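Asker: For reference, the structure I am asking about is given below.
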Amino acid sequence: MKKAEVSKPKEMWIYQLQHDSNPIGRIFAAQALANFGSNEDAKILGRQLLKEKVWGVQAEIASALGIIRSEAAFEALAAGLKIKHKRARRAVVRAIGEFQNKKVFDILKPLLFDKSSYLVPMEAGRAIGKTKDSRALPELKKLFRFDSWRDALRTGAILGIANLKTP
């Protein structure tokens with residue numbers, strides 16, 4: 001295994017993201033576009049996030065959007081919450097957690113009690129804690145009432161409360 005650093009014009013990375021038949025190539029393209037970091041790059045990644053068929057590539061695109069951290073990236077990730085695959089949606093929630101604004105709490109609060117996955121609410125709990133929003137603590141405490149696989153919900157609550165950094 002080797003990682004090579006490839007230098008290409010942005011247009012070539014965009015083409016690779018949209019047309020490469022190999023998922024690994026699309027992942028490399030998403031990571032390269034994140035390094036450019038413009039709003040236009042975020043919009044391109046956001047469109048591809050919704051079009052992509054492979055959940056692993058969707059997860060990497062979400063991570064790339066989390067690196068960009070622009071308003072366009074946030075909007076693209078918010079739209080990505082509609083993704084059906086729970087592993088990809090978990091990555092979207094994790095990437096949204098990189099944005100520490102009040103909107104994060106509002107869009108992730110409903111996911112704390114997502115019935116389709118235990119790991120999506122766990123990530124939502126962690127991300128909500130990062131916002132340091134005063135409304136987060138009561139919501140996170142509610143997660144302690146529920147049993148889940150490997151105590152994922154309680155783990156999310158604990159991680160969120162730890163991220164609040166309150167006494």
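Ordering of the structure tokens sets the chain letters (A, B, ...), residue numbers begin anew at 1 in every chain, and ligands are numbered from 1 in the order given.
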Excluding same-chain residues fewer than 4 positions from His85 in chain A, what lies within 12 Å of it counting only C-alpha atoms, as a PyMOL selection string?

Answerer: chain A and resi 49-50+52-59+80-81+89-92+116-117+119-120

Asker: Convert the current residue selection to file output with N, CA and C atoms, as a compact mmCIF listing (two decimals), in the first residue's frame.

Answerer:
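So the final result, stored in selection36.txt, reads:
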# COMPACT_ATOMS: atom_id res chain seq x y z
N LEU A 49 -22.69 14.03 -3.27
CA LEU A 49 -23.09 13.30 -2.06
C LEU A 49 -24.46 12.67 -2.25
N LEU A 50 -25.38 13.41 -2.84
CA LEU A 50 -26.74 12.91 -3.04
C LEU A 50 -26.85 11.95 -4.22
N GLU A 52 -24.30 9.88 -5.31
CA GLU A 52 -23.42 8.71 -5.14
C GLU A 52 -24.21 7.48 -4.70
N LYS A 53 -23.85 6.33 -5.26
CA LYS A 53 -24.52 5.07 -4.95
C LYS A 53 -23.79 4.25 -3.87
N VAL A 54 -22.50 4.46 -3.71
CA VAL A 54 -21.70 3.67 -2.76
C VAL A 54 -21.63 4.42 -1.43
N TRP A 55 -22.10 3.76 -0.36
CA TRP A 55 -22.18 4.46 0.92
C TRP A 55 -20.81 4.89 1.44
N GLY A 56 -19.77 4.12 1.17
CA GLY A 56 -18.43 4.48 1.63
C GLY A 56 -17.92 5.76 0.98
N VAL A 57 -18.26 5.94 -0.29
CA VAL A 57 -17.89 7.17 -0.98
C VAL A 57 -18.71 8.33 -0.43
N GLN A 58 -19.99 8.08 -0.15
CA GLN A 58 -20.82 9.13 0.46
C GLN A 58 -20.22 9.56 1.80
N ALA A 59 -19.75 8.61 2.58
CA ALA A 59 -19.16 8.93 3.88
C ALA A 59 -17.91 9.79 3.71
N GLY A 80 -27.82 16.20 2.99
CA GLY A 80 -27.37 14.82 3.05
C GLY A 80 -28.00 14.00 4.17
N LEU A 81 -28.70 14.65 5.10
CA LEU A 81 -29.38 13.91 6.15
C LEU A 81 -30.51 13.05 5.61
N ARG A 89 -25.34 8.15 6.46
CA ARG A 89 -26.01 9.20 7.24
C ARG A 89 -25.25 9.47 8.54
N ARG A 90 -24.68 8.43 9.13
CA ARG A 90 -23.87 8.61 10.34
C ARG A 90 -22.66 9.50 10.03
N ALA A 91 -22.03 9.29 8.89
CA ALA A 91 -20.88 10.11 8.49
C ALA A 91 -21.31 11.56 8.26
N VAL A 92 -22.49 11.75 7.72
CA VAL A 92 -23.01 13.11 7.50
C VAL A 92 -23.20 13.80 8.86
N SER A 116 -34.04 4.01 12.99
CA SER A 116 -33.44 3.15 11.96
C SER A 116 -32.00 2.73 12.29
N SER A 117 -31.40 3.36 13.29
CA SER A 117 -30.00 3.06 13.61
C SER A 117 -29.71 3.52 15.03
N LEU A 119 -26.41 4.05 15.79
CA LEU A 119 -25.17 4.81 15.65
C LEU A 119 -25.40 6.23 15.14
N VAL A 120 -26.47 6.45 14.40
CA VAL A 120 -26.80 7.82 13.98
C VAL A 120 -27.14 8.67 15.21

Asker: Pick out each residue of range 8-123 of chain A that DSSP on the backbone tags as alpha helix (DSSP H); I need them as a compact mmCIF listing (two decimals) with N, CA, C and O atoms, in the first residue's frame.

Answerer:
# COMPACT_ATOMS: atom_id res chain seq x y z
N LYS A 10 -8.06 21.50 -10.77
CA LYS A 10 -9.34 21.24 -10.11
C LYS A 10 -10.36 20.61 -11.04
O LYS A 10 -11.12 19.72 -10.64
N GLU A 11 -10.40 21.03 -12.29
CA GLU A 11 -11.38 20.50 -13.25
C GLU A 11 -11.22 18.99 -13.42
O GLU A 11 -12.20 18.28 -13.61
N MET A 12 -9.98 18.52 -13.38
CA MET A 12 -9.74 17.07 -13.50
C MET A 12 -10.25 16.32 -12.27
O MET A 12 -10.79 15.22 -12.39
N TRP A 13 -10.08 16.91 -11.09
CA TRP A 13 -10.61 16.27 -9.88
C TRP A 13 -12.13 16.22 -9.92
O TRP A 13 -12.73 15.22 -9.51
N ILE A 14 -12.75 17.28 -10.40
CA ILE A 14 -14.21 17.31 -10.50
C ILE A 14 -14.68 16.22 -11.45
O ILE A 14 -15.62 15.48 -11.15
N TYR A 15 -14.02 16.11 -12.60
CA TYR A 15 -14.39 15.07 -13.56
C TYR A 15 -14.23 13.69 -12.94
O TYR A 15 -15.09 12.82 -13.09
N GLN A 16 -13.14 13.48 -12.23
CA GLN A 16 -12.89 12.18 -11.60
C GLN A 16 -13.96 11.88 -10.56
O GLN A 16 -14.45 10.74 -10.47
N LEU A 17 -14.34 12.86 -9.77
CA LEU A 17 -15.38 12.68 -8.76
C LEU A 17 -16.70 12.24 -9.41
O LEU A 17 -17.40 11.37 -8.90
N GLN A 18 -17.02 12.82 -10.53
CA GLN A 18 -18.30 12.57 -11.17
C GLN A 18 -18.32 11.35 -12.08
O GLN A 18 -19.38 10.78 -12.31
N HIS A 19 -17.15 10.93 -12.61
CA HIS A 19 -17.16 9.92 -13.66
C HIS A 19 -16.29 8.69 -13.42
O HIS A 19 -16.38 7.73 -14.19
N PRO A 23 -14.63 3.41 -7.00
CA PRO A 23 -14.97 4.21 -5.81
C PRO A 23 -13.76 4.85 -5.14
O PRO A 23 -13.86 5.96 -4.63
N ILE A 24 -12.62 4.17 -5.16
CA ILE A 24 -11.41 4.73 -4.53
C ILE A 24 -10.99 6.01 -5.26
O ILE A 24 -10.59 7.00 -4.62
N GLY A 25 -11.10 6.03 -6.56
CA GLY A 25 -10.79 7.22 -7.34
C GLY A 25 -11.71 8.38 -6.98
O GLY A 25 -11.28 9.53 -6.89
N ARG A 26 -12.99 8.07 -6.77
CA ARG A 26 -13.95 9.12 -6.39
C ARG A 26 -13.64 9.64 -4.99
O ARG A 26 -13.77 10.84 -4.72
N ILE A 27 -13.19 8.75 -4.10
CA ILE A 27 -12.81 9.18 -2.75
C ILE A 27 -11.60 10.11 -2.81
O ILE A 27 -11.60 11.17 -2.17
N PHE A 28 -10.58 9.74 -3.58
CA PHE A 28 -9.41 10.61 -3.73
C PHE A 28 -9.80 11.98 -4.29
O PHE A 28 -9.28 13.02 -3.86
N ALA A 29 -10.72 11.98 -5.24
CA ALA A 29 -11.16 13.24 -5.83
C ALA A 29 -11.89 14.10 -4.80
O ALA A 29 -11.67 15.32 -4.74
N ALA A 30 -12.73 13.49 -3.98
CA ALA A 30 -13.44 14.25 -2.94
C ALA A 30 -12.46 14.86 -1.95
O ALA A 30 -12.58 16.02 -1.56
N GLN A 31 -11.46 14.08 -1.55
CA GLN A 31 -10.46 14.59 -0.61
C GLN A 31 -9.65 15.73 -1.22
O GLN A 31 -9.33 16.71 -0.54
N ALA A 32 -9.34 15.61 -2.51
CA ALA A 32 -8.59 16.68 -3.18
C ALA A 32 -9.41 17.95 -3.28
O ALA A 32 -8.90 19.05 -3.07
N LEU A 33 -10.70 17.82 -3.59
CA LEU A 33 -11.56 19.01 -3.68
C LEU A 33 -11.71 19.69 -2.33
O LEU A 33 -11.83 20.91 -2.26
N ALA A 34 -11.69 18.91 -1.26
CA ALA A 34 -11.78 19.51 0.08
C ALA A 34 -10.58 20.42 0.34
O ALA A 34 -10.71 21.44 1.02
N ASN A 35 -9.44 20.07 -0.22
CA ASN A 35 -8.24 20.90 -0.03
C ASN A 35 -8.35 22.24 -0.74
O ASN A 35 -7.74 23.21 -0.32
N PHE A 36 -9.13 22.29 -1.84
CA PHE A 36 -9.36 23.58 -2.50
C PHE A 36 -10.27 24.44 -1.63
O PHE A 36 -10.00 25.62 -1.44
N ASN A 39 -16.57 27.65 -1.88
CA ASN A 39 -18.01 27.38 -1.83
C ASN A 39 -18.46 26.58 -3.04
O ASN A 39 -19.33 25.71 -2.92
N GLU A 40 -17.88 26.85 -4.18
CA GLU A 40 -18.23 26.10 -5.40
C GLU A 40 -17.84 24.64 -5.24
O GLU A 40 -18.59 23.74 -5.65
N ASP A 41 -16.69 24.37 -4.66
CA ASP A 41 -16.26 22.99 -4.41
C ASP A 41 -17.24 22.29 -3.47
O ASP A 41 -17.57 21.12 -3.67
N ALA A 42 -17.69 23.01 -2.44
CA ALA A 42 -18.66 22.44 -1.50
C ALA A 42 -19.97 22.10 -2.21
O ALA A 42 -20.57 21.06 -1.95
N LYS A 43 -20.39 22.96 -3.11
CA LYS A 43 -21.63 22.68 -3.84
C LYS A 43 -21.48 21.46 -4.75
O LYS A 43 -22.40 20.64 -4.85
N ILE A 44 -20.34 21.34 -5.38
CA ILE A 44 -20.08 20.17 -6.25
C ILE A 44 -20.08 18.90 -5.41
O ILE A 44 -20.71 17.90 -5.77
N LEU A 45 -19.39 18.93 -4.28
CA LEU A 45 -19.37 17.77 -3.39
C LEU A 45 -20.76 17.45 -2.86
O LEU A 45 -21.14 16.28 -2.75
N GLY A 46 -21.53 18.48 -2.55
CA GLY A 46 -22.89 18.27 -2.05
C GLY A 46 -23.78 17.60 -3.08
O GLY A 46 -24.56 16.71 -2.74
N ARG A 47 -23.68 18.02 -4.33
CA ARG A 47 -24.46 17.37 -5.39
C ARG A 47 -24.06 15.91 -5.54
O ARG A 47 -24.90 15.02 -5.68
N GLN A 48 -22.75 15.66 -5.49
CA GLN A 48 -22.26 14.29 -5.66
C GLN A 48 -22.63 13.43 -4.45
O GLN A 48 -22.89 12.24 -4.60
N LEU A 49 -22.69 14.03 -3.27
CA LEU A 49 -23.09 13.30 -2.06
C LEU A 49 -24.46 12.67 -2.25
O LEU A 49 -24.69 11.52 -1.89
N LEU A 50 -25.38 13.41 -2.84
CA LEU A 50 -26.74 12.91 -3.04
C LEU A 50 -26.85 11.95 -4.22
O LEU A 50 -27.71 11.09 -4.23
N LYS A 51 -25.97 12.08 -5.21
CA LYS A 51 -26.01 11.20 -6.39
C LYS A 51 -25.30 9.88 -6.17
O LYS A 51 -25.64 8.88 -6.81
N TRP A 55 -22.10 3.76 -0.36
CA TRP A 55 -22.18 4.46 0.92
C TRP A 55 -20.81 4.89 1.44
O TRP A 55 -20.69 5.93 2.08
N GLY A 56 -19.77 4.12 1.17
CA GLY A 56 -18.43 4.48 1.63
C GLY A 56 -17.92 5.76 0.98
O GLY A 56 -17.26 6.57 1.62
N VAL A 57 -18.26 5.94 -0.29
CA VAL A 57 -17.89 7.17 -0.98
C VAL A 57 -18.71 8.33 -0.43
O VAL A 57 -18.19 9.43 -0.21
N GLN A 58 -19.99 8.08 -0.15
CA GLN A 58 -20.82 9.13 0.46
C GLN A 58 -20.22 9.56 1.80
O GLN A 58 -20.17 10.76 2.10
N ALA A 59 -19.75 8.61 2.58
CA ALA A 59 -19.16 8.93 3.88
C ALA A 59 -17.91 9.79 3.71
O ALA A 59 -17.70 10.76 4.46
N GLU A 60 -17.08 9.48 2.73
CA GLU A 60 -15.86 10.26 2.49
C GLU A 60 -16.18 11.65 1.96
O GLU A 60 -15.49 12.62 2.28
N ILE A 61 -17.21 11.76 1.14
CA ILE A 61 -17.63 13.07 0.65
C ILE A 61 -18.13 13.92 1.81
O ILE A 61 -17.81 15.11 1.92
N ALA A 62 -18.90 13.30 2.72
CA ALA A 62 -19.38 14.03 3.90
C ALA A 62 -18.20 14.52 4.74
O ALA A 62 -18.18 15.67 5.20
N SER A 63 -17.21 13.66 4.91
CA SER A 63 -16.01 14.05 5.66
C SER A 63 -15.31 15.23 4.98
O SER A 63 -14.84 16.16 5.65
N ALA A 64 -15.23 15.20 3.66
CA ALA A 64 -14.60 16.29 2.92
C ALA A 64 -15.37 17.60 3.13
O ALA A 64 -14.77 18.66 3.30
N LEU A 65 -16.69 17.51 3.14
CA LEU A 65 -17.50 18.71 3.40
C LEU A 65 -17.28 19.23 4.81
O LEU A 65 -17.28 20.44 5.05
N GLY A 66 -17.08 18.33 5.76
CA GLY A 66 -16.78 18.74 7.13
C GLY A 66 -15.45 19.46 7.24
O GLY A 66 -15.27 20.31 8.11
N ILE A 67 -14.52 19.15 6.36
CA ILE A 67 -13.23 19.83 6.34
C ILE A 67 -13.37 21.25 5.80
O ILE A 67 -12.74 22.18 6.29
N ILE A 68 -14.23 21.42 4.79
CA ILE A 68 -14.40 22.74 4.17
C ILE A 68 -15.01 23.73 5.15
O ILE A 68 -14.58 24.89 5.23
N GLU A 71 -20.51 27.79 4.69
CA GLU A 71 -21.97 27.76 4.73
C GLU A 71 -22.51 26.83 3.65
O GLU A 71 -23.47 26.09 3.88
N ALA A 72 -21.89 26.84 2.48
CA ALA A 72 -22.31 25.94 1.40
C ALA A 72 -22.10 24.48 1.79
O ALA A 72 -22.93 23.62 1.48
N ALA A 73 -21.01 24.19 2.49
CA ALA A 73 -20.75 22.83 2.96
C ALA A 73 -21.79 22.41 3.99
O ALA A 73 -22.28 21.28 3.96
N PHE A 74 -22.14 23.32 4.88
CA PHE A 74 -23.16 23.02 5.89
C PHE A 74 -24.50 22.71 5.24
O PHE A 74 -25.17 21.75 5.61
N GLU A 75 -24.88 23.52 4.25
CA GLU A 75 -26.15 23.29 3.55
C GLU A 75 -26.14 21.95 2.81
O GLU A 75 -27.15 21.24 2.81
N ALA A 76 -25.00 21.61 2.21
CA ALA A 76 -24.89 20.32 1.51
C ALA A 76 -25.03 19.16 2.49
O ALA A 76 -25.70 18.16 2.19
N LEU A 77 -24.42 19.28 3.66
CA LEU A 77 -24.53 18.23 4.66
C LEU A 77 -25.94 18.13 5.22
O LEU A 77 -26.45 17.03 5.45
N ALA A 78 -26.58 19.27 5.42
CA ALA A 78 -27.97 19.25 5.90
C ALA A 78 -28.86 18.51 4.90
O ALA A 78 -29.73 17.72 5.29
N ALA A 79 -28.64 18.73 3.62
CA ALA A 79 -29.40 18.01 2.60
C ALA A 79 -29.05 16.52 2.62
O ALA A 79 -29.90 15.68 2.32
N GLY A 80 -27.82 16.20 2.99
CA GLY A 80 -27.37 14.82 3.05
C GLY A 80 -28.00 14.00 4.17
O GLY A 80 -27.87 12.78 4.19
N LYS A 86 -27.75 4.06 6.47
CA LYS A 86 -27.47 4.56 7.82
C LYS A 86 -25.99 4.82 8.09
O LYS A 86 -25.66 5.73 8.84
N ARG A 87 -25.09 4.07 7.45
CA ARG A 87 -23.67 4.33 7.66
C ARG A 87 -23.25 5.65 7.01
O ARG A 87 -22.45 6.39 7.58
N ALA A 88 -23.78 5.92 5.85
CA ALA A 88 -23.49 7.20 5.20
C ALA A 88 -24.11 8.36 5.98
O ALA A 88 -23.48 9.40 6.16
N ARG A 89 -25.34 8.15 6.46
CA ARG A 89 -26.01 9.20 7.24
C ARG A 89 -25.25 9.47 8.54
O ARG A 89 -25.13 10.61 8.98
N ARG A 90 -24.68 8.43 9.13
CA ARG A 90 -23.87 8.61 10.34
C ARG A 90 -22.66 9.50 10.03
O ARG A 90 -22.31 10.38 10.82
N ALA A 91 -22.03 9.29 8.89
CA ALA A 91 -20.88 10.11 8.49
C ALA A 91 -21.31 11.56 8.26
O ALA A 91 -20.56 12.49 8.58
N VAL A 92 -22.49 11.75 7.72
CA VAL A 92 -23.01 13.11 7.50
C VAL A 92 -23.20 13.80 8.86
O VAL A 92 -22.80 14.95 9.04
N VAL A 93 -23.78 13.09 9.81
CA VAL A 93 -24.00 13.66 11.15
C VAL A 93 -22.65 13.99 11.80
O VAL A 93 -22.49 15.05 12.39
N ARG A 94 -21.68 13.10 11.66
CA ARG A 94 -20.35 13.37 12.22
C ARG A 94 -19.74 14.62 11.60
O ARG A 94 -19.16 15.46 12.30
N ALA A 95 -19.89 14.79 10.29
CA ALA A 95 -19.34 15.96 9.61
C ALA A 95 -20.06 17.23 10.04
O ALA A 95 -19.44 18.28 10.20
N ILE A 96 -21.37 17.14 10.24
CA ILE A 96 -22.13 18.31 10.71
C ILE A 96 -21.62 18.73 12.09
O ILE A 96 -21.61 19.92 12.42
N LYS A 102 -25.57 27.29 16.10
CA LYS A 102 -26.87 26.97 16.69
C LYS A 102 -27.74 26.13 15.76
O LYS A 102 -28.61 25.40 16.21
N LYS A 103 -27.52 26.22 14.46
CA LYS A 103 -28.31 25.43 13.51
C LYS A 103 -28.08 23.93 13.70
O LYS A 103 -28.96 23.13 13.44
N VAL A 104 -26.89 23.57 14.14
CA VAL A 104 -26.55 22.15 14.31
C VAL A 104 -27.52 21.50 15.30
O VAL A 104 -28.05 20.42 15.04
N PHE A 105 -27.75 22.14 16.41
CA PHE A 105 -28.67 21.58 17.41
C PHE A 105 -30.04 21.36 16.80
O PHE A 105 -30.64 20.30 16.97
N ASP A 106 -30.54 22.36 16.09
CA ASP A 106 -31.90 22.28 15.55
C ASP A 106 -32.07 21.17 14.52
O ASP A 106 -33.10 20.50 14.50
N ILE A 107 -31.06 20.95 13.67
CA ILE A 107 -31.25 19.91 12.65
C ILE A 107 -30.89 18.51 13.15
O ILE A 107 -31.38 17.53 12.60
N LEU A 108 -30.09 18.41 14.22
CA LEU A 108 -29.72 17.09 14.71
C LEU A 108 -30.59 16.59 15.85
O LEU A 108 -30.63 15.39 16.12
N LEU A 119 -26.41 4.05 15.79
CA LEU A 119 -25.17 4.81 15.65
C LEU A 119 -25.40 6.23 15.14
O LEU A 119 -24.60 7.12 15.43
N VAL A 120 -26.47 6.45 14.40
CA VAL A 120 -26.80 7.82 13.98
C VAL A 120 -27.14 8.67 15.21
O VAL A 120 -26.58 9.77 15.37
N PRO A 121 -28.00 8.20 16.12
CA PRO A 121 -28.24 9.00 17.33
C PRO A 121 -27.00 9.18 18.20
O PRO A 121 -26.83 10.23 18.83
N MET A 122 -26.13 8.16 18.22
CA MET A 122 -24.89 8.31 18.99
C MET A 122 -24.06 9.47 18.44
O MET A 122 -23.59 10.33 19.20
N GLU A 123 -23.90 9.54 17.12
CA GLU A 123 -23.16 10.65 16.50
C GLU A 123 -23.88 11.97 16.71
O GLU A 123 -23.25 13.01 16.90

Asker: What separation in Å, quoted to one decimal, exists between CA of Pro9 in chain A and CA of Ser70 in chain A?

Answerer: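 So the answer is 21.6 Å.
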
Asker: Which of these residues is nearest to Ala127 in chain A, using only C-alpha atoms: A:Arg69, A:Lys109, A:Lys2, A:Lys165?

Answerer: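 The answer is A:Lys109, which sits nearest to Ala127 in chain A.
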
Asker: So that I can see what lies close to Ile158 in chain A, please list as a short mmCIF file (atom, residue, chain, number, x, y, z; two decimals) with N, CA and C atoms, in the first residue's frame the residues with an atom at most 9 Å from it, counting only C-alpha atoms and leaving out residues fewer than 6 positions away in the same chain.

Answerer:
data_model
loop_
_atom_site.label_atom_id
_atom_site.label_comp_id
_atom_site.auth_asym_id
_atom_site.auth_seq_id
_atom_site.Cartn_x
_atom_site.Cartn_y
_atom_site.Cartn_z
N GLY A 125 -25.71 12.79 19.26
CA GLY A 125 -25.44 13.20 20.63
C GLY A 125 -24.08 13.84 20.78
N ARG A 126 -23.09 13.21 20.18
CA ARG A 126 -21.73 13.76 20.24
C ARG A 126 -21.68 15.15 19.59
N LEU A 140 -29.86 15.36 25.84
CA LEU A 140 -28.90 14.27 25.98
C LEU A 140 -29.24 13.37 27.16
N LYS A 141 -29.75 13.95 28.24
CA LYS A 141 -30.13 13.15 29.41
C LYS A 141 -31.25 12.18 29.08
N PHE A 144 -30.41 8.45 28.14
CA PHE A 144 -30.05 7.47 29.16
C PHE A 144 -31.19 6.49 29.44
#

Asker: CA of Pro167 in chain A and CA of Leu137 in chain A, how far apart in Å?

Answerer: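 CA of Pro167 in chain A lies at a distance of 11.7 Å from CA of Leu137 in chain A.
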
Asker: Just to confirm, what's the straight-line distance from CA of Arg154 in chain A to CA of Glu139 in chain A in Å (one decimal)?

Answerer: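 About the pair CA of Arg154 in chain A and CA of Glu139 in chain A: they are 11.9 Å apart.
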